[in-house]
Amino acid sequence: MRVLWTLAAEQDRADIVDFIAQDNPLAAIRMDELFGAAVGGLAKHPLMGRPGQIAGTREWIPHESYRLVYEVQADTVWILALVHSARLWPPTRS
């Protein structure tokens, strides 16, 4: 399966890496590599995450502090969000 990141998820990833890099650039690189490895695993085993809190999605925890939210459509895994576990998920609508 191929894996594609939505623009929002790519921004989530960049924001996380940038935030970590402020204090520890090496840790930021390692975290980004961890995210990449997790997504690589989803390409091989797209159903390994649990059913998500939003209908039609799945969730995978690549690190105790982060949740990958994704959906599987035909031959593609779409990464929808990368969320810190301390954040409210799913987001509420105002």
# chains A, B, ... in the order shown; residues from 1 in each chain; ligands from 1
$ residues_around --residues "A:Val83" --least-positions-apart "2" --cutoff "8 Å" --atoms "only C-alpha atoms" --output "mmCIF file with C-alpha atoms, in the first residue's frame"
data_model
loop_
_atom_site.group_PDB
_atom_site.id
_atom_site.type_symbol
_atom_site.label_atom_id
_atom_site.label_comp_id
_atom_site.auth_asym_id
_atom_site.auth_seq_id
_atom_site.Cartn_x
_atom_site.Cartn_y
_atom_site.Cartn_z
ATOM 1 C CA ASP A 12 1.265 18.571 12.402
ATOM 2 C CA TYR A 66 1.659 10.881 19.866
ATOM 3 C CA ARG A 67 -1.262 9.419 17.944
ATOM 4 C CA LEU A 68 -1.390 8.952 14.161
ATOM 5 C CA VAL A 69 -4.923 9.203 12.837
ATOM 6 C CA ALA A 81 -3.475 13.940 11.725
ATOM 7 C CA SER A 85 -1.767 12.633 23.401
ATOM 8 C CA ARG A 87 -4.559 17.304 23.215
ATOM 9 C CA TRP A 89 -9.079 14.264 20.343
#
$ closest_atom_pairs --of "stretch 14-82 of chain A" --to "stretch 3-9 of chain A" --cutoff "7 Å" --atoms "only C-alpha atoms" --output "tab-separated table"
residue	atom	partner	partner_atom	distance
A:Ala43	CA	A:Val3	CA	6.0
A:Thr76	CA	A:Val3	CA	5.7
A:Val77	CA	A:Val3	CA	4.7
A:Trp78	CA	A:Leu4	CA	5.0
A:Ile79	CA	A:Trp5	CA	4.7
A:Leu80	CA	A:Ala9	CA	5.3
A:Ala81	CA	A:Ala9	CA	4.3
A:Leu82	CA	A:Ala9	CA	5.8
$ write_last_selection --atoms "N, CA, C and O atoms" --output "short mmCIF file (atom, residue, chain, number, x, y, z; two decimals), in the first residue's frame"
data_model
loop_
_atom_site.label_atom_id
_atom_site.label_comp_id
_atom_site.auth_asym_id
_atom_site.auth_seq_id
_atom_site.Cartn_x
_atom_site.Cartn_y
_atom_site.Cartn_z
N ALA A 43 2.12 0.98 5.95
CA ALA A 43 2.10 0.62 4.53
C ALA A 43 2.04 -0.89 4.37
O ALA A 43 1.39 -1.39 3.45
N THR A 76 -4.53 2.85 -0.54
CA THR A 76 -3.83 4.00 0.04
C THR A 76 -4.17 4.16 1.52
O THR A 76 -5.33 4.06 1.91
N VAL A 77 -3.13 4.43 2.31
CA VAL A 77 -3.30 4.83 3.71
C VAL A 77 -3.14 6.34 3.74
O VAL A 77 -2.09 6.86 3.34
N TRP A 78 -4.16 7.05 4.17
CA TRP A 78 -4.12 8.50 4.28
C TRP A 78 -3.86 8.89 5.72
O TRP A 78 -4.66 8.56 6.60
N ILE A 79 -2.73 9.56 5.97
CA ILE A 79 -2.45 10.07 7.30
C ILE A 79 -3.21 11.39 7.43
O ILE A 79 -2.98 12.33 6.67
N LEU A 80 -4.14 11.44 8.39
CA LEU A 80 -5.02 12.59 8.53
C LEU A 80 -4.54 13.58 9.58
O LEU A 80 -4.76 14.79 9.44
N ALA A 81 -3.92 13.07 10.64
CA ALA A 81 -3.48 13.94 11.73
C ALA A 81 -2.41 13.24 12.54
O ALA A 81 -2.37 12.00 12.61
N LEU A 82 -1.57 14.02 13.15
CA LEU A 82 -0.57 13.55 14.11
C LEU A 82 -0.79 14.42 15.35
O LEU A 82 -0.57 15.63 15.31
#
$ residues_around --residues "A:Met31" --least-positions-apart "4" --cutoff "8 Å" --atoms "only C-alpha atoms" --output "MDAnalysis selection string"
chainID A and resid 17 27 35
$ atom_distance --atom1 "atom CA of A:Leu47" --atom2 "atom CA of A:Pro62"
14.1 Å
$ atom_distance --atom1 "atom CA of A:Ile61" --atom2 "atom CA of A:Gly49"
7.7 Å
$ decode --residues "stretch 48-90 of chain A" --atoms "N, CA and C atoms" --output "short mmCIF file (atom, residue, chain, number, x, y, z; two decimals), in the first residue's frame"
data_model
loop_
_atom_site.label_atom_id
_atom_site.label_comp_id
_atom_site.auth_asym_id
_atom_site.auth_seq_id
_atom_site.Cartn_x
_atom_site.Cartn_y
_atom_site.Cartn_z
N MET A 48 -3.21 -2.41 11.48
CA MET A 48 -2.62 -2.70 12.78
C MET A 48 -3.04 -1.69 13.85
N GLY A 49 -3.49 -0.52 13.47
CA GLY A 49 -4.00 0.43 14.44
C GLY A 49 -5.39 0.04 14.89
N ARG A 50 -5.81 0.63 15.99
CA ARG A 50 -7.16 0.35 16.51
C ARG A 50 -8.18 1.21 15.77
N PRO A 51 -9.45 0.82 15.82
CA PRO A 51 -10.48 1.68 15.23
C PRO A 51 -10.43 3.06 15.90
N GLY A 52 -10.56 4.10 15.09
CA GLY A 52 -10.44 5.46 15.60
C GLY A 52 -11.69 5.97 16.27
N GLN A 53 -11.54 7.09 16.92
CA GLN A 53 -12.67 7.73 17.60
C GLN A 53 -13.59 8.45 16.62
N ILE A 54 -13.10 8.68 15.41
CA ILE A 54 -13.92 9.25 14.34
C ILE A 54 -14.24 8.10 13.39
N ALA A 55 -15.49 7.94 13.06
CA ALA A 55 -15.93 6.83 12.20
C ALA A 55 -15.10 6.78 10.92
N GLY A 56 -14.68 5.57 10.56
CA GLY A 56 -13.93 5.36 9.33
C GLY A 56 -12.43 5.56 9.47
N THR A 57 -11.97 5.98 10.65
CA THR A 57 -10.54 6.17 10.85
C THR A 57 -9.97 5.07 11.73
N ARG A 58 -8.64 5.04 11.74
CA ARG A 58 -7.91 4.14 12.62
C ARG A 58 -6.86 4.99 13.32
N GLU A 59 -6.33 4.49 14.44
CA GLU A 59 -5.33 5.23 15.20
C GLU A 59 -4.18 4.30 15.57
N TRP A 60 -2.98 4.83 15.45
CA TRP A 60 -1.78 4.08 15.78
C TRP A 60 -0.95 4.97 16.70
N ILE A 61 -0.39 4.40 17.75
CA ILE A 61 0.42 5.14 18.71
C ILE A 61 1.89 4.81 18.45
N PRO A 62 2.60 5.64 17.67
CA PRO A 62 4.01 5.35 17.38
C PRO A 62 4.93 5.68 18.55
N HIS A 63 4.44 6.51 19.48
CA HIS A 63 5.18 6.96 20.65
C HIS A 63 4.14 7.25 21.72
N GLU A 64 4.49 7.05 22.97
CA GLU A 64 3.49 7.24 24.03
C GLU A 64 2.86 8.64 24.03
N SER A 65 3.52 9.61 23.43
CA SER A 65 2.99 10.98 23.43
C SER A 65 2.26 11.38 22.15
N TYR A 66 2.24 10.50 21.16
CA TYR A 66 1.66 10.88 19.87
C TYR A 66 0.75 9.81 19.28
N ARG A 67 -0.28 10.28 18.59
CA ARG A 67 -1.26 9.42 17.94
C ARG A 67 -1.33 9.78 16.46
N LEU A 68 -1.19 8.79 15.61
CA LEU A 68 -1.39 8.95 14.16
C LEU A 68 -2.83 8.58 13.86
N VAL A 69 -3.54 9.48 13.24
CA VAL A 69 -4.92 9.20 12.84
C VAL A 69 -4.91 9.02 11.32
N TYR A 70 -5.47 7.91 10.86
CA TYR A 70 -5.41 7.62 9.43
C TYR A 70 -6.66 6.88 8.98
N GLU A 71 -6.81 6.81 7.67
CA GLU A 71 -7.88 6.01 7.10
C GLU A 71 -7.32 5.24 5.91
N VAL A 72 -7.91 4.11 5.67
CA VAL A 72 -7.50 3.25 4.57
C VAL A 72 -8.56 3.34 3.48
N GLN A 73 -8.12 3.69 2.28
CA GLN A 73 -9.02 3.76 1.12
C GLN A 73 -8.37 2.99 -0.02
N ALA A 74 -8.99 1.91 -0.40
CA ALA A 74 -8.48 1.06 -1.50
C ALA A 74 -7.02 0.70 -1.23
N ASP A 75 -6.08 1.18 -2.04
CA ASP A 75 -4.67 0.81 -1.88
C ASP A 75 -3.84 1.93 -1.25
N THR A 76 -4.53 2.85 -0.54
CA THR A 76 -3.83 4.00 0.04
C THR A 76 -4.17 4.16 1.52
N VAL A 77 -3.13 4.43 2.31
CA VAL A 77 -3.30 4.83 3.71
C VAL A 77 -3.14 6.34 3.74
N TRP A 78 -4.16 7.05 4.17
CA TRP A 78 -4.12 8.50 4.28
C TRP A 78 -3.86 8.89 5.72
N ILE A 79 -2.73 9.56 5.97
CA ILE A 79 -2.45 10.07 7.30
C ILE A 79 -3.21 11.39 7.43
N LEU A 80 -4.14 11.44 8.39
CA LEU A 80 -5.02 12.59 8.53
C LEU A 80 -4.54 13.58 9.58
N ALA A 81 -3.92 13.07 10.64
CA ALA A 81 -3.48 13.94 11.73
C ALA A 81 -2.41 13.24 12.54
N LEU A 82 -1.57 14.02 13.15
CA LEU A 82 -0.57 13.55 14.11
C LEU A 82 -0.79 14.42 15.35
N VAL A 83 -1.29 13.82 16.41
CA VAL A 83 -1.80 14.57 17.55
C VAL A 83 -1.05 14.19 18.83
N HIS A 84 -0.67 15.20 19.61
CA HIS A 84 -0.07 14.94 20.92
C HIS A 84 -1.15 14.34 21.81
N SER A 85 -0.78 13.35 22.60
CA SER A 85 -1.77 12.63 23.40
C SER A 85 -2.41 13.52 24.47
N ALA A 86 -1.79 14.63 24.83
CA ALA A 86 -2.37 15.54 25.81
C ALA A 86 -3.47 16.42 25.20
N ARG A 87 -3.54 16.48 23.87
CA ARG A 87 -4.56 17.30 23.22
C ARG A 87 -5.89 16.57 23.15
N LEU A 88 -6.94 17.34 23.18
CA LEU A 88 -8.28 16.78 23.04
C LEU A 88 -8.43 16.19 21.65
N TRP A 89 -8.83 14.92 21.62
CA TRP A 89 -9.08 14.26 20.34
C TRP A 89 -10.28 13.38 20.47
N PRO A 90 -11.20 13.42 19.55
CA PRO A 90 -11.21 14.27 18.36
C PRO A 90 -11.53 15.71 18.74
#
